[in-house]
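Working notes, beginning with the structure itself.
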Amino acid sequence: MTYPTRTHTPILPFPPDSGGLASLPPESAEFRPLPPQSGRRVEPLAGVQFRLVTLRGWALFIALAVLWGIPYLFIKIAVEDLSPAMVVWVRVALGALILLPIVIARGDIKRLNVTDWSWIVVFAFVEIALPFGALSYAEIRLSSSVTAILIAAVPILSAVIGWRIGIDDRVTKGRALGLAIGVIGVVTLVGIDIRGDDWLSVAALGITIIGYSFGPLIVAMKLSRAPALAVITMALVINSIVYAPLAWISRPAAPVSTQAWWSVIVLGVLCTAAAFIVFFALIAEAGPSRTTVITFIAPAVALLLGVVVLNEALTWGIVVGFPLVILGSFMATRRAPAVEAEPHP
């Protein structure tokens, strides 16, 4: 008896440090279980894959977890001396400067049509312009640890949006429970760790979370046929132009520390340009389904660096809220047995 191939096309929530694309190439996996003794068809377990992760795959996975976990640390260092606009501009400009020659050499830009360009502009605004600026502003007051944990709630909002707009109508009890757990985790963290004068920064993070939730949907629904790296690169180019006058207006009037300059360089070169190169290499090596695990590892890296490097306090809000947010995100985005396409996990 032949069993049909099941195809999953997951959409990743990209962390604030990624700045980018959320639509991934489909990954197909054939499930051929042994014929059941009773004659009744046995459904394969959702998400089961038989391809082993190579040593190179593990190396890419670890590298990406670090590259998407360290930006919170460097943003926090950079905003001590530089304005949020300057931080964003240097970051996106460096990322564009590195990636642009690559997409030009590959001929990807020529494959973009007029409709693609219009949606790239929208994507650049929703996924990068607003979230990057709001995130950098928020970290002026909030610790990098708290920021990373709150951003980890992006998959929860993404799942809700997916359900509401009809991309995914499988609201199972497990997913609903995950949503509730994640919300409790966010409320716990905010209630314990956020002071009265920090609420404007929390609101800025809210803008970031909303942007990171809608950005992937724009890609999945309007840019799924466009070259992935070209979409990212041109979005960075657009934001380099948009943020240039803002960076000039808010340019530093006092000497800037070497640490701050090196921080924005790392953000642009490693956390943006290199991270996307590694990201697409990991997709090719291990597949998109496994890559979604990065969503839950990167905040842990950010939390560790914030506590160890910046001496940020490991508060009760973090101790209680962090596991709840991660668990809630995992449960709210977990595949159901009948999955055919995974919306923004």
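All residue names refer to the structure tokens as shown: chains lettered A, B, ... in order, residues numbered from 1 in each chain, ligands numbered from 1 in order.
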
Within 12 Å of region 268-282 of chain A: each region 103-189 of chain A residue with its shortest pair, only C-alpha atoms, as a Markdown table:
| residue | atom | partner | partner_atom | distance |
| --- | --- | --- | --- | --- |
| A:Val103 | CA | A:Ile277 | CA | 11.3 |
| A:Ile128 | CA | A:Thr272 | CA | 11.3 |
| A:Phe132 | CA | A:Thr272 | CA | 11.7 |

Store the residues of this selection in a file with N, CA and C atoms, as a compact mmCIF listing (two decimals), in the first residue's frame.
# COMPACT_ATOMS: atom_id res chain seq x y z
N VAL A 103 23.92 39.14 -4.21
CA VAL A 103 22.67 38.97 -4.98
C VAL A 103 22.83 39.50 -6.40
N ILE A 128 11.60 45.66 9.34
CA ILE A 128 12.89 46.21 9.72
C ILE A 128 12.80 47.63 10.25
N PHE A 132 13.32 47.47 14.17
CA PHE A 132 14.71 47.76 14.54
C PHE A 132 14.82 49.04 15.35

TODO: Fewer than 6 positions away in the same chain doesn't count, so skip those; otherwise give me all residues within 12 Å of Ile210 (chain A), counting only C-alpha atoms, as a ChimeraX atom specification.
DONE: /A:13-16,126-128,130-132,134-135,150-151,153-161,203-204,216-217

Resulting file, chosen residues, N, CA and C atoms, as a PDB file, in the first residue's frame:
ATOM      1  N   PRO A  13       9.540  32.713  12.605  1.00  0.00           N
ATOM      2  CA  PRO A  13       9.539  34.046  13.176  1.00  0.00           C
ATOM      3  C   PRO A  13      10.973  34.489  13.309  1.00  0.00           C
ATOM      4  N   PHE A  14      11.350  35.588  12.691  1.00  0.00           N
ATOM      5  CA  PHE A  14      12.742  35.981  12.746  1.00  0.00           C
ATOM      6  C   PHE A  14      12.998  36.890  13.925  1.00  0.00           C
ATOM      7  N   PRO A  15      14.043  36.628  14.667  1.00  0.00           N
ATOM      8  CA  PRO A  15      14.378  37.435  15.820  1.00  0.00           C
ATOM      9  C   PRO A  15      14.769  38.831  15.427  1.00  0.00           C
ATOM     10  N   PRO A  16      14.768  39.756  16.347  1.00  0.00           N
ATOM     11  CA  PRO A  16      15.018  41.150  16.031  1.00  0.00           C
ATOM     12  C   PRO A  16      16.354  41.371  15.380  1.00  0.00           C
ATOM     13  N   VAL A 126       7.660  47.133   7.651  1.00  0.00           N
ATOM     14  CA  VAL A 126       7.022  46.365   8.723  1.00  0.00           C
ATOM     15  C   VAL A 126       8.023  45.505   9.483  1.00  0.00           C
ATOM     16  N   GLU A 127       8.969  44.875   8.785  1.00  0.00           N
ATOM     17  CA  GLU A 127       9.866  43.900   9.400  1.00  0.00           C
ATOM     18  C   GLU A 127      11.167  44.505   9.920  1.00  0.00           C
ATOM     19  N   ILE A 128      11.596  45.658   9.338  1.00  0.00           N
ATOM     20  CA  ILE A 128      12.894  46.212   9.716  1.00  0.00           C
ATOM     21  C   ILE A 128      12.798  47.634  10.249  1.00  0.00           C
ATOM     22  N   LEU A 130      10.403  49.780  11.430  1.00  0.00           N
ATOM     23  CA  LEU A 130       9.755  49.974  12.736  1.00  0.00           C
ATOM     24  C   LEU A 130      10.355  49.085  13.827  1.00  0.00           C
ATOM     25  N   PRO A 131      10.472  47.775  13.619  1.00  0.00           N
ATOM     26  CA  PRO A 131      10.994  46.913  14.692  1.00  0.00           C
ATOM     27  C   PRO A 131      12.419  47.241  15.117  1.00  0.00           C
ATOM     28  N   PHE A 132      13.320  47.473  14.171  1.00  0.00           N
ATOM     29  CA  PHE A 132      14.709  47.760  14.536  1.00  0.00           C
ATOM     30  C   PHE A 132      14.818  49.040  15.346  1.00  0.00           C
ATOM     31  N   ALA A 134      12.381  50.590  17.077  1.00  0.00           N
ATOM     32  CA  ALA A 134      11.695  50.449  18.362  1.00  0.00           C
ATOM     33  C   ALA A 134      12.503  49.586  19.325  1.00  0.00           C
ATOM     34  N   LEU A 135      13.117  48.528  18.815  1.00  0.00           N
ATOM     35  CA  LEU A 135      13.923  47.653  19.662  1.00  0.00           C
ATOM     36  C   LEU A 135      15.127  48.387  20.238  1.00  0.00           C
ATOM     37  N   LEU A 150      11.001  38.923  26.087  1.00  0.00           N
ATOM     38  CA  LEU A 150       9.743  39.450  25.571  1.00  0.00           C
ATOM     39  C   LEU A 150       9.635  39.236  24.058  1.00  0.00           C
ATOM     40  N   ILE A 151      10.741  39.399  23.351  1.00  0.00           N
ATOM     41  CA  ILE A 151      10.731  39.165  21.906  1.00  0.00           C
ATOM     42  C   ILE A 151      10.471  37.692  21.597  1.00  0.00           C
ATOM     43  N   ALA A 153       8.257  36.035  22.584  1.00  0.00           N
ATOM     44  CA  ALA A 153       6.813  35.822  22.505  1.00  0.00           C
ATOM     45  C   ALA A 153       6.279  36.035  21.090  1.00  0.00           C
ATOM     46  N   VAL A 154       7.138  36.418  20.153  1.00  0.00           N
ATOM     47  CA  VAL A 154       6.694  36.642  18.770  1.00  0.00           C
ATOM     48  C   VAL A 154       5.938  35.449  18.190  1.00  0.00           C
ATOM     49  N   PRO A 155       6.427  34.201  18.356  1.00  0.00           N
ATOM     50  CA  PRO A 155       5.686  33.070  17.784  1.00  0.00           C
ATOM     51  C   PRO A 155       4.251  32.953  18.296  1.00  0.00           C
ATOM     52  N   ILE A 156       4.020  33.388  19.532  1.00  0.00           N
ATOM     53  CA  ILE A 156       2.666  33.300  20.092  1.00  0.00           C
ATOM     54  C   ILE A 156       1.718  34.218  19.334  1.00  0.00           C
ATOM     55  N   LEU A 157       2.130  35.480  19.155  1.00  0.00           N
ATOM     56  CA  LEU A 157       1.295  36.420  18.409  1.00  0.00           C
ATOM     57  C   LEU A 157       1.156  35.983  16.957  1.00  0.00           C
ATOM     58  N   SER A 158       2.237  35.453  16.389  1.00  0.00           N
ATOM     59  CA  SER A 158       2.189  34.988  15.004  1.00  0.00           C
ATOM     60  C   SER A 158       1.163  33.883  14.830  1.00  0.00           C
ATOM     61  N   ALA A 159       1.105  32.972  15.804  1.00  0.00           N
ATOM     62  CA  ALA A 159       0.136  31.886  15.734  1.00  0.00           C
ATOM     63  C   ALA A 159      -1.290  32.423  15.790  1.00  0.00           C
ATOM     64  N   VAL A 160      -1.519  33.399  16.661  1.00  0.00           N
ATOM     65  CA  VAL A 160      -2.852  33.989  16.777  1.00  0.00           C
ATOM     66  C   VAL A 160      -3.253  34.657  15.467  1.00  0.00           C
ATOM     67  N   ILE A 161      -2.329  35.405  14.871  1.00  0.00           N
ATOM     68  CA  ILE A 161      -2.614  36.079  13.601  1.00  0.00           C
ATOM     69  C   ILE A 161      -2.908  35.053  12.515  1.00  0.00           C
ATOM     70  N   ALA A 203       6.136  49.443  25.412  1.00  0.00           N
ATOM     71  CA  ALA A 203       5.279  49.730  24.259  1.00  0.00           C
ATOM     72  C   ALA A 203       6.086  49.663  22.962  1.00  0.00           C
ATOM     73  N   ALA A 204       7.331  50.152  23.016  1.00  0.00           N
ATOM     74  CA  ALA A 204       8.196  50.072  21.836  1.00  0.00           C
ATOM     75  C   ALA A 204       8.466  48.614  21.462  1.00  0.00           C
ATOM     76  N   PRO A 216       6.739  38.178   8.412  1.00  0.00           N
ATOM     77  CA  PRO A 216       6.766  36.864   7.775  1.00  0.00           C
ATOM     78  C   PRO A 216       5.514  36.548   6.968  1.00  0.00           C
ATOM     79  N   LEU A 217       4.361  37.053   7.418  1.00  0.00           N
ATOM     80  CA  LEU A 217       3.129  36.796   6.684  1.00  0.00           C
ATOM     81  C   LEU A 217       3.136  37.517   5.338  1.00  0.00           C
TER      82      LEU A 217
END

- [ ] Identify, with DSSP run on backbone atoms, the residues in region 116-181 of chain A assigned to helix (DSSP H, G or I), and express the list as a count of residues only.
- [x] 52

Task: Separation of CA of Ile75 (chain A) from CA of Ser136 (chain A) in Å - done: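 That distance, rounded to one decimal, is 6.3 Å.
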
TODO: Find the residues around Ile265 (chain A) up to 8 Å (only C-alpha atoms counted), leave out those fewer than 5 positions away in its own chain, and share them as number ranges by chain.
DONE: A: 90-91, 94, 270

Go ahead and write the selection's residues with C-alpha atoms as a PDB file, in the first residue's frame.
ATOM      1  CA  VAL A  90      25.026  51.521  10.541  1.00  0.00           C
ATOM      2  CA  ARG A  91      23.687  48.021  10.999  1.00  0.00           C
ATOM      3  CA  LEU A  94      26.750  47.308   6.580  1.00  0.00           C
ATOM      4  CA  LEU A 270      27.845  39.270  11.807  1.00  0.00           C
TER       5      LEU A 270
END

- [ ] Find the spatial neighbours of Asp197 (chain A), counting only C-alpha atoms, within a cut-off of 10 Å - ignore same-chain residues fewer than 4 positions away - and output them as a VMD selection string.
- [x] chain A and resid 141 201 to 202

TODO: Go ahead and compute the interatomic distance for CA of Val87 (chain A) and CA of Asp108 (chain A), in Å to one decimal.
DONE: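 Separation of CA of Val87 (chain A) and CA of Asp108 (chain A): 28.0 Å.
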
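Closest approach to Leu142 (chain A) from the set A:Val219, A:Phe61, A:Asp193, A:Thr258 is made by A:Asp193, with distances taken over only C-alpha atoms.
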
- [ ] Have a look at CA of Val266 (chain A) and CA of Pro71 (chain A) and let me know their distance in Å, one decimal.
- [x]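 Rounded to one decimal, the two atoms are 8.3 Å apart.
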
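Minimum distance to Gly215 (chain A) across A:Ala235, A:Leu324, A:Ile249, A:Ala284 (counting only C-alpha atoms) occurs at A:Ala235.
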
Task: Nearby residues (only C-alpha atoms) at most 6 Å from region 240-247 of chain A, same-chain spacing under 5 positions excluded, as a PyMOL selection string - done: chain A and resi 85-86+89+92-93
